[in-house]
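Shown next: work.txt, given as compact mmCIF, C-alpha atoms.
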```txt
# COMPACT_ATOMS: atom_id res chain seq x y z
CA MET I 312 98.17 79.67 94.04
CA LEU I 313 98.99 83.11 92.76
CA GLU I 314 102.54 84.28 92.17
CA GLN I 315 101.88 87.57 93.96
CA PHE I 316 99.64 87.96 96.97
CA ASN I 317 96.48 89.85 96.04
CA PRO I 318 94.41 90.88 99.10
CA GLU I 319 91.25 91.04 96.94
CA LYS I 320 91.52 87.27 96.45
CA LEU I 321 91.64 86.45 100.17
CA PHE I 322 88.50 85.49 102.10
CA VAL I 323 88.44 84.81 105.82
CA GLN I 324 86.17 82.78 108.06
CA TYR I 325 86.17 82.96 111.86
CA ARG I 326 84.88 79.81 113.55
CA ASP I 327 84.22 78.41 117.01
CA GLY I 328 83.48 81.84 118.48
CA MET I 329 86.89 83.15 117.34
CA THR I 330 86.90 86.93 116.78
CA PRO I 331 89.13 89.24 114.71
CA MET I 332 91.01 90.46 117.78
CA GLN I 333 91.10 87.53 120.19
CA PRO I 334 92.19 85.10 121.50
CA VAL I 335 95.79 84.48 120.38
CA ILE I 336 95.83 81.04 122.01
CA PRO I 337 94.11 78.88 120.95
CA ARG I 338 94.02 80.22 117.38
CA ARG I 339 94.52 77.86 114.46
CA TYR I 340 94.76 78.78 110.78
CA THR I 341 93.82 76.68 107.78
CA LEU I 342 94.82 78.23 104.45
CA THR I 343 93.45 76.65 101.27
CA HIS I 344 92.89 77.90 97.74
CA SER I 345 91.00 77.38 94.52
CA ASP I 346 93.18 76.66 91.48
CA GLU I 347 90.23 77.60 89.29
CA THR I 348 89.59 81.12 90.61
CA GLY I 349 92.84 81.86 92.43
CA ASP I 350 90.83 82.66 95.58
CA LEU I 351 92.52 82.02 98.93
CA PHE I 352 90.53 80.85 101.96
CA LEU I 353 91.72 81.42 105.49
CA THR I 354 89.76 79.72 108.25
CA ILE I 355 90.60 80.86 111.80
CA GLY I 356 89.28 78.75 114.65
CA THR I 357 90.16 76.85 117.79
CA GLU I 358 90.76 73.76 115.62
CA TYR I 359 92.00 73.22 112.07
CA ALA I 360 89.27 73.24 109.42
CA TRP I 361 89.71 69.69 108.11
CA ASP I 362 86.48 70.04 106.14
CA ARG I 363 88.26 72.64 103.95
CA VAL I 364 91.30 70.44 103.31
CA ASN I 365 91.56 68.69 99.95
CA THR I 366 92.39 65.16 101.12
CA LYS I 367 93.86 64.15 97.74
CA MET I 368 96.00 67.24 97.16
CA ARG I 369 96.94 68.03 100.77
CA ASP I 370 98.11 71.44 99.60
CA GLU I 371 96.86 73.31 102.68
CA VAL I 372 99.04 75.37 105.01
CA LEU I 373 98.29 75.09 108.74
CA GLY I 374 99.45 77.39 111.49
CA GLU I 375 99.00 78.09 115.19
CA TRP I 376 100.31 80.33 117.95
CA LEU I 377 102.26 78.76 120.79
CA MET I 378 104.09 80.19 123.79
CA ASN I 379 107.83 79.72 124.13
CA GLY I 380 108.66 81.01 127.60
CA ASP I 381 107.36 84.58 127.55
CA CYS I 382 107.39 84.85 123.74
CA TYR I 383 104.88 83.94 121.10
CA LEU I 384 105.93 81.47 118.44
CA PHE I 385 104.07 80.80 115.21
CA CYS I 386 104.19 77.17 114.09
CA VAL I 387 103.43 76.27 110.48
CA TYR I 388 102.78 72.73 109.25
CA VAL I 389 102.96 71.63 105.63
CA TYR I 390 102.34 68.08 104.56
CA ILE I 391 104.72 66.70 101.96
CA GLY I 392 103.69 63.09 102.50
CA GLN I 393 103.85 60.04 104.71
CA GLY I 394 104.45 57.34 102.13
CA GLU I 395 101.58 57.90 99.68
CA PHE I 396 103.76 60.04 97.37
CA ASP I 397 106.99 58.65 95.87
CA GLN I 398 110.33 60.43 96.20
CA HIS I 399 109.99 62.30 92.91
CA VAL I 400 106.51 63.63 93.77
CA SER I 401 107.68 64.45 97.28
CA ALA I 402 110.57 66.49 95.87
CA LYS I 403 108.12 68.41 93.70
CA ARG I 404 105.74 68.99 96.63
CA ASN I 405 108.63 70.19 98.76
CA GLU I 406 109.65 72.63 96.02
CA VAL I 407 106.10 73.98 95.52
CA PHE I 408 105.53 74.48 99.26
CA ARG I 409 108.83 76.34 99.60
CA ARG I 410 108.01 78.54 96.61
CA GLU I 411 104.46 79.34 97.82
CA LEU I 412 105.15 79.67 101.53
CA PRO I 413 106.01 83.41 101.44
CA LEU I 414 102.64 84.05 99.77
CA ALA I 415 100.88 81.86 102.36
CA LEU I 416 102.55 83.74 105.23
CA LYS I 417 101.56 87.09 103.68
CA ALA I 418 97.98 85.83 103.37
CA ILE I 419 97.88 84.77 107.04
CA ARG I 420 99.48 88.06 108.15
CA TYR I 421 97.05 90.14 106.07
CA GLY I 422 93.97 87.98 106.71
CA ASP I 423 94.42 88.24 110.46
CA ARG I 424 95.65 91.88 110.43
CA PHE I 425 93.14 92.98 113.08
CA LEU I 426 94.88 90.64 115.57
CA PHE I 427 98.34 91.94 114.62
CA ASN I 428 97.08 95.52 114.99
CA LYS I 429 95.95 94.71 118.51
CA TYR I 430 99.10 92.76 119.45
CA PRO I 431 101.98 94.42 117.53
CA ASN I 432 104.55 92.15 119.22
CA LEU I 433 103.21 89.22 117.17
CA ASP I 434 105.14 90.71 114.24
CA GLN I 435 108.35 89.88 116.13
CA ALA I 436 107.41 86.24 116.86
CA ASN I 437 109.49 83.60 115.13
CA ILE I 438 107.84 81.46 112.46
CA ILE I 439 108.84 77.80 112.72
CA VAL I 440 107.88 75.72 109.68
CA SER I 441 107.57 71.93 109.97
CA PHE I 442 107.75 70.00 106.71
CA THR I 443 106.24 66.54 107.25
CA SER I 444 107.67 63.84 104.99
CA ALA I 445 108.49 60.13 105.09
CA TYR I 446 111.76 61.04 103.30
CA PRO I 447 114.40 62.34 105.74
CA GLN I 448 115.78 64.82 103.19
CA PHE I 449 112.41 66.64 103.10
CA SER I 450 111.47 66.19 106.75
CA LYS I 451 112.63 69.51 108.19
CA GLN I 452 111.90 72.11 110.81
CA GLU I 453 113.11 75.60 109.90
CA ASN I 454 112.96 79.15 111.19
CA TRP I 455 111.44 81.38 108.51
CA GLY I 456 111.91 84.67 110.34
CA THR I 457 109.09 86.86 111.60
CA PHE I 458 105.74 88.15 110.33
CA GLY I 459 107.19 91.64 110.17
CA SER I 460 108.84 90.64 106.88
CA PHE I 461 105.56 89.24 105.48
CA SER I 462 103.53 92.35 106.28
CA MET I 463 102.15 94.43 103.39
CA MET V 825 72.88 78.70 96.85
CA LEU V 826 72.24 76.45 99.79
CA GLU V 827 68.78 75.79 101.10
CA GLN V 828 69.87 76.35 104.70
CA PHE V 829 72.46 78.87 105.78
CA ASN V 830 75.64 77.13 106.90
CA PRO V 831 78.11 79.50 108.62
CA GLU V 832 81.01 77.18 107.72
CA LYS V 833 80.39 77.98 104.04
CA LEU V 834 80.62 81.75 104.47
CA PHE V 835 83.87 83.63 103.83
CA VAL V 836 84.30 87.35 104.37
CA GLN V 837 86.64 89.93 102.91
CA TYR V 838 87.07 93.47 104.30
CA ARG V 839 88.29 95.97 101.71
CA ASP V 840 89.22 99.64 101.42
CA GLY V 841 90.39 99.85 105.04
CA MET V 842 86.99 98.62 106.29
CA THR V 843 87.21 96.85 109.67
CA PRO V 844 84.97 94.31 111.45
CA MET V 845 83.53 96.95 113.79
CA GLN V 846 83.49 100.20 111.80
CA PRO V 847 82.36 102.31 110.07
CA VAL V 848 78.61 101.73 109.52
CA ILE V 849 78.49 104.41 106.81
CA PRO V 850 79.88 103.98 104.25
CA ARG V 851 79.70 100.17 104.36
CA ARG V 852 78.69 98.24 101.25
CA TYR V 853 78.11 94.51 100.98
CA THR V 854 78.53 92.29 97.93
CA LEU V 855 77.28 88.73 98.45
CA THR V 856 78.15 86.15 95.79
CA HIS V 857 78.42 82.37 95.78
CA SER V 858 79.88 79.35 94.04
CA ASP V 859 77.32 76.90 92.65
CA GLU V 860 80.07 74.29 92.51
CA THR V 861 81.15 74.33 96.17
CA GLY V 862 78.19 76.07 97.82
CA ASP V 863 80.58 78.61 99.34
CA LEU V 864 79.25 82.11 100.00
CA PHE V 865 81.48 85.18 99.64
CA LEU V 866 80.73 88.41 101.44
CA THR V 867 82.85 91.42 100.50
CA ILE V 868 82.52 94.44 102.80
CA GLY V 869 83.97 97.72 101.56
CA THR V 870 83.30 101.36 100.88
CA GLU V 871 82.20 100.37 97.33
CA TYR V 872 80.52 97.32 95.84
CA ALA V 873 82.94 94.60 94.71
CA TRP V 874 82.07 94.57 91.00
CA ASP V 875 85.08 92.34 90.34
CA ARG V 876 83.28 89.57 92.29
CA VAL V 877 80.02 89.93 90.36
CA ASN V 878 79.26 87.35 87.67
CA THR V 879 78.28 89.68 84.83
CA LYS V 880 76.36 86.95 82.96
CA MET V 881 74.42 85.58 85.92
CA ARG V 882 73.97 88.78 87.90
CA ASP V 883 72.93 86.66 90.88
CA GLU V 884 74.68 88.84 93.48
CA VAL V 885 72.94 90.51 96.40
CA LEU V 886 74.09 94.07 97.25
CA GLY V 887 73.41 96.00 100.43
CA GLU V 888 74.34 99.22 102.21
CA TRP V 889 73.55 101.16 105.35
CA LEU V 890 71.79 104.52 104.99
CA MET V 891 70.43 107.02 107.50
CA ASN V 892 66.71 107.78 107.60
CA GLY V 893 66.38 110.69 110.02
CA ASP V 894 67.99 109.36 113.21
CA CYS V 895 67.54 105.71 112.24
CA TYR V 896 69.66 103.32 110.27
CA LEU V 897 68.11 101.71 107.22
CA PHE V 898 69.53 98.74 105.35
CA CYS V 899 69.01 98.89 101.59
CA VAL V 900 69.28 95.73 99.50
CA TYR V 901 69.50 95.67 95.71
CA VAL V 902 68.82 92.64 93.54
CA TYR V 903 69.04 92.75 89.78
CA ILE V 904 66.26 90.95 87.91
CA GLY V 905 67.07 92.58 84.58
CA GLN V 906 66.91 95.66 82.45
CA GLY V 907 65.84 94.18 79.15
CA GLU V 908 68.44 91.46 78.57
CA PHE V 909 66.20 88.75 80.07
CA ASP V 910 62.71 88.05 78.65
CA GLN V 911 59.58 88.04 80.80
CA HIS V 912 59.70 84.30 81.47
CA VAL V 913 63.34 84.39 82.61
CA SER V 914 62.65 87.54 84.65
CA ALA V 915 59.77 85.76 86.42
CA LYS V 916 62.11 82.89 87.28
CA ARG V 917 64.86 85.26 88.48
CA ASN V 918 62.32 87.11 90.62
CA GLU V 919 61.21 83.81 92.16
CA VAL V 920 64.76 82.62 92.87
CA PHE V 921 65.78 85.92 94.46
CA ARG V 922 62.71 85.89 96.70
CA ARG V 923 63.38 82.29 97.73
CA GLU V 924 67.08 82.87 98.46
CA LEU V 925 66.85 86.31 100.04
CA PRO V 926 66.29 85.08 103.63
CA LEU V 927 69.50 83.03 103.32
CA ALA V 928 71.34 86.05 101.88
CA LEU V 929 70.17 88.26 104.76
CA LYS V 930 71.24 85.62 107.30
CA ALA V 931 74.64 85.47 105.61
CA ILE V 932 75.06 89.26 105.78
CA ARG V 933 73.88 89.34 109.39
CA TYR V 934 76.22 86.53 110.43
CA GLY V 935 79.16 87.58 108.23
CA ASP V 936 79.15 91.06 109.73
CA ARG V 937 78.25 89.94 113.29
CA PHE V 938 81.11 91.88 114.90
CA LEU V 939 79.49 95.12 113.68
CA PHE V 940 76.05 94.08 114.99
CA ASN V 941 77.63 93.15 118.33
CA LYS V 942 79.08 96.65 118.57
CA TYR V 943 75.89 98.42 117.40
CA PRO V 944 72.96 96.29 118.66
CA ASN V 945 70.44 98.83 117.35
CA LEU V 946 71.30 97.75 113.79
CA ASP V 947 69.17 94.67 114.48
CA GLN V 948 66.14 96.96 114.66
CA ALA V 949 66.85 98.76 111.36
CA ASN V 950 64.37 98.18 108.55
CA ILE V 951 65.55 96.23 105.51
CA ILE V 952 64.29 97.76 102.26
CA VAL V 953 64.73 95.50 99.23
CA SER V 954 64.77 97.00 95.72
CA PHE V 955 64.07 94.58 92.88
CA THR V 956 65.35 96.11 89.63
CA SER V 957 63.45 94.99 86.53
CA ALA V 958 62.38 96.35 83.16
CA TYR V 959 59.00 94.63 83.81
CA PRO V 960 56.76 96.71 86.11
CA GLN V 961 55.31 93.60 87.77
CA PHE V 962 58.77 92.65 89.08
CA SER V 963 60.09 96.16 89.72
CA LYS V 964 59.35 96.53 93.44
CA GLN V 965 60.59 98.08 96.63
CA GLU V 966 59.59 96.16 99.76
CA ASN V 967 60.15 96.21 103.51
CA TRP V 968 61.54 92.83 104.58
CA GLY V 969 61.53 93.51 108.31
CA THR V 970 64.64 93.74 110.47
CA PHE V 971 67.93 91.86 110.88
CA GLY V 972 66.75 90.69 114.29
CA SER V 973 64.69 88.04 112.47
CA PHE V 974 67.65 86.92 110.35
CA SER V 975 70.00 86.50 113.29
CA MET V 976 71.26 82.99 114.18
```

Rendering of file as structure tokens:
Amino acid sequence: MLEQFNPEKLFVQYRDGMTPMQPVIPRRYTLTHSDETGDLFLTIGTEYAWDRVNTKMRDEVLGEWLMNGDCYLFCVYVYIGQGEFDQHVSAKRNEVFRRELPLALKAIRYGDRFLFNKYPNLDQANIIVSFTSAYPQFSKQENWGTFGSFSM
Amino acid sequence: MLEQFNPEKLFVQYRDGMTPMQPVIPRRYTLTHSDETGDLFLTIGTEYAWDRVNTKMRDEVLGEWLMNGDCYLFCVYVYIGQGEFDQHVSAKRNEVFRRELPLALKAIRYGDRFLFNKYPNLDQANIIVSFTSAYPQFSKQENWGTFGSFSM
């Protein structure tokens, strides 16, 4: 991925009848990229776009809106590994995801800006990131703040 | 490009403050693709996205909305050559553009569907294609019908 988020590198695809301004639920995000060109691809649909996921690299970032009482919550899922990567590789994957996650969140915020314009309260929703790993030290669920801080 | 248009291969980018539903004018389209992945990239902005154009291949399709009296007109520009390709290569480029143009028009129609949903009369606008070539036999301006026939 790029060090800095460049909106001119981000391309979006709406699937499954999803539109730029609705619905919020269900709304699932699949963010992938091309190492070769630096392009970022954000697919927004009712389901995750598994056809866009690189099954060897598993470097995608997934996200979805959920309700928590009366508040929206944005859940992010990153896949560190479930046994196919050793501890050293898992540590590296964990490090790369943590380094790139702010860029990924900016890309989601910017790529779906028409939704945020329509529902400004989404900028106040908490972002909960789940790191999936077979190693307990990398298997975490963390609050990464709100989209307001990832807005351009 | 692909033989058949596959919506799951099309990614869109709105630039320069352009939104899915406005404005119609100015609104310029730059359609490019990746031979490697088959992905199609549609950039929609106030200007053409020259940074996306492959300056060696020049296989992009450009388009813009214009007014003709009270009616909208969609103008398409394809670049066959201005002297850098010989007559044989120009003939081949002309053939490829003509073969792929229906797919390109479907991609533009589908990629910008939120605009067509808002302004249904755009489906009745004539599509005028300009083929730019140093060879008079390939230098043409043609009416390719309306977007209604390139709608999914």

Using all atoms listed in the file, find the residues of chain V whose closest atom to chain I is at most 6 Å away, then write them as a PDB file with C-alpha atoms, in the frame of the given file.
```
ATOM      1  CA  PHE V 835      83.870  83.630 103.830  1.00  0.00           C
ATOM      2  CA  VAL V 836      84.300  87.350 104.370  1.00  0.00           C
ATOM      3  CA  GLN V 837      86.640  89.930 102.910  1.00  0.00           C
TER       4      GLN V 837
END
```

Determine the nearest neighbour of Met976 (chain V) from the options V:Met842, V:Leu927, V:Val885, V:Ile904, counting all atoms listed in the file.
->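 Distance minimum relative to Met976 (chain V) lands on V:Leu927.
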
If we count all atoms listed in the file, what is near Ala915 (chain V) at a cut-off of 10 Å, once residues fewer than 6 positions away on the same chain are taken out, given as a list in words?
-> Ile904, Phe909, Ser957, Tyr959, Gln961 and Phe962 of chain V

In Å, rounded to a single decimal, give me how far CA of Glu375 (chain I) is from CA of Tyr430 (chain I).
->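 According to the coordinates, CA of Tyr430 (chain I) and CA of Glu375 (chain I) are separated by 15.3 Å.
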
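When only C-alpha atoms are used to measure the gap to Tyr896 (chain V), the shortest distance among V:Asn950, V:Gln846, V:Ser914, V:Thr856 belongs to V:Asn950.
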
Counting only C-alpha atoms, find the residues whose atoms lie at most 12 Å from (107.9, 92.5, 108.8) (file coordinates) and write them out as a ChimeraX atom specification.
-> /I:413,416-417,420-421,427,431-438,455-463

Which value, in Å to one decimal, gives the distance between CA of Val900 (chain V) and CA of Gly887 (chain V)?
->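 We find that CA of Val900 (chain V) and CA of Gly887 (chain V) lie 4.2 Å from each other.
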
What is the distance, in Å and to one decimal place, between CA of Gly841 (chain V) and CA of Cys899 (chain V)?
->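 Spanning CA of Gly841 (chain V) to CA of Cys899 (chain V) is a straight-line distance of 21.7 Å.
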
In terms of the shortest atom-to-atom distance over all atoms listed in the file, which of V:Val913, V:Ala931, V:Val877, V:Val920 is closest to Phe829 (chain V)?
->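 Comparing V:Val913, V:Ala931, V:Val877, V:Val920 against Phe829 (chain V), the winner is V:Ala931.
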
Would you list the contacts of Pro334 (chain I) as a PyMOL selection string, taking every protein, DNA or RNA residue within 10 Å and counting only C-alpha atoms, but skipping same-chain residues closer than 6 positions in sequence?
-> chain I and resi 328+356-357+426

Limited to C-alpha atoms, could you put the picked residues into a file as a PDB file, keeping the file's coordinate frame?
```pdb
ATOM      1  CA  GLY I 328      83.480  81.840 118.480  1.00  0.00           C
ATOM      2  CA  GLY I 356      89.280  78.750 114.650  1.00  0.00           C
ATOM      3  CA  THR I 357      90.160  76.850 117.790  1.00  0.00           C
ATOM      4  CA  LEU I 426      94.880  90.640 115.570  1.00  0.00           C
TER       5      LEU I 426
END
```

Using only the atoms of region 826-841 of chain V listed in the file, plus 4 Å on each side, state the axis-aligned box centre and edge lengths in Å rounded to one decimal, as JSON.
```
{"center_x": 79.6, "center_y": 87.8, "center_z": 104.2, "size_x": 29.6, "size_y": 32.1, "size_z": 16.8}
```

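Using only C-alpha atoms, the smallest distance between any of V:Trp889, V:Tyr903, V:Tyr872, V:Tyr853 and Ala928 (chain V) comes from V:Tyr853.
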
Any chance you could export region 348-381 of chain I with N, CA and C atoms, as an mmCIF file, in the first residue's frame?
```cif
data_model
loop_
_atom_site.group_PDB
_atom_site.id
_atom_site.type_symbol
_atom_site.label_atom_id
_atom_site.label_comp_id
_atom_site.auth_asym_id
_atom_site.auth_seq_id
_atom_site.Cartn_x
_atom_site.Cartn_y
_atom_site.Cartn_z
ATOM 1 N N THR I 348 0.610 -1.167 -8.949
ATOM 2 C CA THR I 348 0.216 0.182 -9.343
ATOM 3 C C THR I 348 -0.042 1.103 -8.148
ATOM 4 N N GLY I 349 -0.207 0.520 -6.965
ATOM 5 C CA GLY I 349 -0.559 1.325 -5.806
ATOM 6 C C GLY I 349 -2.041 1.660 -5.748
ATOM 7 N N ASP I 350 -2.821 1.165 -6.715
ATOM 8 C CA ASP I 350 -4.268 1.420 -6.700
ATOM 9 C C ASP I 350 -4.926 0.712 -5.520
ATOM 10 N N LEU I 351 -5.942 1.352 -4.962
ATOM 11 C CA LEU I 351 -6.753 0.770 -3.893
ATOM 12 C C LEU I 351 -8.141 0.482 -4.443
ATOM 13 N N PHE I 352 -8.721 -0.648 -4.046
ATOM 14 C CA PHE I 352 -10.037 -1.044 -4.534
ATOM 15 C C PHE I 352 -10.975 -1.256 -3.358
ATOM 16 N N LEU I 353 -12.054 -0.496 -3.363
ATOM 17 C CA LEU I 353 -13.040 -0.623 -2.291
ATOM 18 C C LEU I 353 -14.343 -1.143 -2.890
ATOM 19 N N THR I 354 -14.730 -2.339 -2.462
ATOM 20 C CA THR I 354 -15.987 -2.920 -2.920
ATOM 21 C C THR I 354 -17.002 -2.793 -1.792
ATOM 22 N N ILE I 355 -18.168 -2.238 -2.097
ATOM 23 C CA ILE I 355 -19.205 -2.004 -1.090
ATOM 24 C C ILE I 355 -20.444 -2.780 -1.508
ATOM 25 N N GLY I 356 -20.839 -3.745 -0.670
ATOM 26 C CA GLY I 356 -21.968 -4.602 -1.035
ATOM 27 C C GLY I 356 -22.676 -5.121 0.196
ATOM 28 N N THR I 357 -23.647 -6.009 -0.023
ATOM 29 C CA THR I 357 -24.319 -6.605 1.133
ATOM 30 C C THR I 357 -23.449 -7.712 1.741
ATOM 31 N N GLU I 358 -22.538 -8.256 0.909
ATOM 32 C CA GLU I 358 -21.617 -9.300 1.372
ATOM 33 C C GLU I 358 -20.182 -8.851 1.123
ATOM 34 N N TYR I 359 -19.212 -9.527 1.699
ATOM 35 C CA TYR I 359 -17.811 -9.245 1.383
ATOM 36 C C TYR I 359 -17.505 -9.763 -0.026
ATOM 37 N N ALA I 360 -16.574 -9.104 -0.690
ATOM 38 C CA ALA I 360 -16.224 -9.466 -2.074
ATOM 39 C C ALA I 360 -15.065 -10.458 -2.060
ATOM 40 N N TRP I 361 -15.373 -11.706 -1.749
ATOM 41 C CA TRP I 361 -14.306 -12.720 -1.615
ATOM 42 C C TRP I 361 -13.573 -12.944 -2.924
ATOM 43 N N ASP I 362 -14.227 -12.635 -4.044
ATOM 44 C CA ASP I 362 -13.555 -12.782 -5.339
ATOM 45 C C ASP I 362 -12.416 -11.768 -5.510
ATOM 46 N N ARG I 363 -12.409 -10.691 -4.715
ATOM 47 C CA ARG I 363 -11.345 -9.688 -4.810
ATOM 48 C C ARG I 363 -10.193 -10.006 -3.856
ATOM 49 N N VAL I 364 -10.425 -10.929 -2.933
ATOM 50 C CA VAL I 364 -9.428 -11.216 -1.898
ATOM 51 C C VAL I 364 -8.324 -12.117 -2.455
ATOM 52 N N ASN I 365 -7.086 -11.739 -2.189
ATOM 53 C CA ASN I 365 -5.929 -12.544 -2.566
ATOM 54 C C ASN I 365 -5.771 -13.637 -1.510
ATOM 55 N N THR I 366 -6.124 -14.870 -1.887
ATOM 56 C CA THR I 366 -6.208 -15.956 -0.892
ATOM 57 C C THR I 366 -4.840 -16.375 -0.363
ATOM 58 N N LYS I 367 -3.760 -16.027 -1.075
ATOM 59 C CA LYS I 367 -2.422 -16.337 -0.555
ATOM 60 C C LYS I 367 -1.944 -15.248 0.403
ATOM 61 N N MET I 368 -2.160 -13.991 0.009
ATOM 62 C CA MET I 368 -1.665 -12.867 0.805
ATOM 63 C C MET I 368 -2.582 -12.564 1.990
ATOM 64 N N ARG I 369 -3.875 -12.664 1.774
ATOM 65 C CA ARG I 369 -4.862 -12.283 2.803
ATOM 66 C C ARG I 369 -4.500 -10.919 3.413
ATOM 67 N N ASP I 370 -4.281 -9.948 2.541
ATOM 68 C CA ASP I 370 -3.926 -8.609 3.016
ATOM 69 C C ASP I 370 -5.103 -7.629 2.905
ATOM 70 N N GLU I 371 -6.306 -8.182 2.736
ATOM 71 C CA GLU I 371 -7.496 -7.322 2.649
ATOM 72 C C GLU I 371 -7.893 -6.770 4.012
ATOM 73 N N VAL I 372 -8.659 -5.684 3.977
ATOM 74 C CA VAL I 372 -9.284 -5.140 5.190
ATOM 75 C C VAL I 372 -10.798 -5.189 4.966
ATOM 76 N N LEU I 373 -11.506 -5.811 5.905
ATOM 77 C CA LEU I 373 -12.967 -5.926 5.807
ATOM 78 C C LEU I 373 -13.620 -5.031 6.852
ATOM 79 N N GLY I 374 -14.812 -4.557 6.545
ATOM 80 C CA GLY I 374 -15.526 -3.733 7.517
ATOM 81 C C GLY I 374 -17.024 -3.813 7.315
ATOM 82 N N GLU I 375 -17.774 -3.538 8.373
ATOM 83 C CA GLU I 375 -19.234 -3.506 8.273
ATOM 84 C C GLU I 375 -19.816 -2.637 9.379
ATOM 85 N N TRP I 376 -20.996 -2.104 9.116
ATOM 86 C CA TRP I 376 -21.738 -1.342 10.116
ATOM 87 C C TRP I 376 -22.614 -2.277 10.929
ATOM 88 N N LEU I 377 -22.615 -2.074 12.252
ATOM 89 C CA LEU I 377 -23.516 -2.810 13.125
ATOM 90 C C LEU I 377 -24.201 -1.808 14.047
ATOM 91 N N MET I 378 -25.292 -2.212 14.669
ATOM 92 C CA MET I 378 -25.947 -1.367 15.655
ATOM 93 C C MET I 378 -25.546 -1.842 17.041
ATOM 94 N N ASN I 379 -25.295 -0.881 17.925
ATOM 95 C CA ASN I 379 -24.989 -1.170 19.319
ATOM 96 C C ASN I 379 -25.965 -0.318 20.125
ATOM 97 N N GLY I 380 -27.104 -0.915 20.495
ATOM 98 C CA GLY I 380 -28.161 -0.108 21.098
ATOM 99 C C GLY I 380 -28.685 0.849 20.044
ATOM 100 N N ASP I 381 -28.632 2.148 20.333
ATOM 101 C CA ASP I 381 -29.093 3.147 19.370
ATOM 102 C C ASP I 381 -27.957 3.694 18.512
#
```
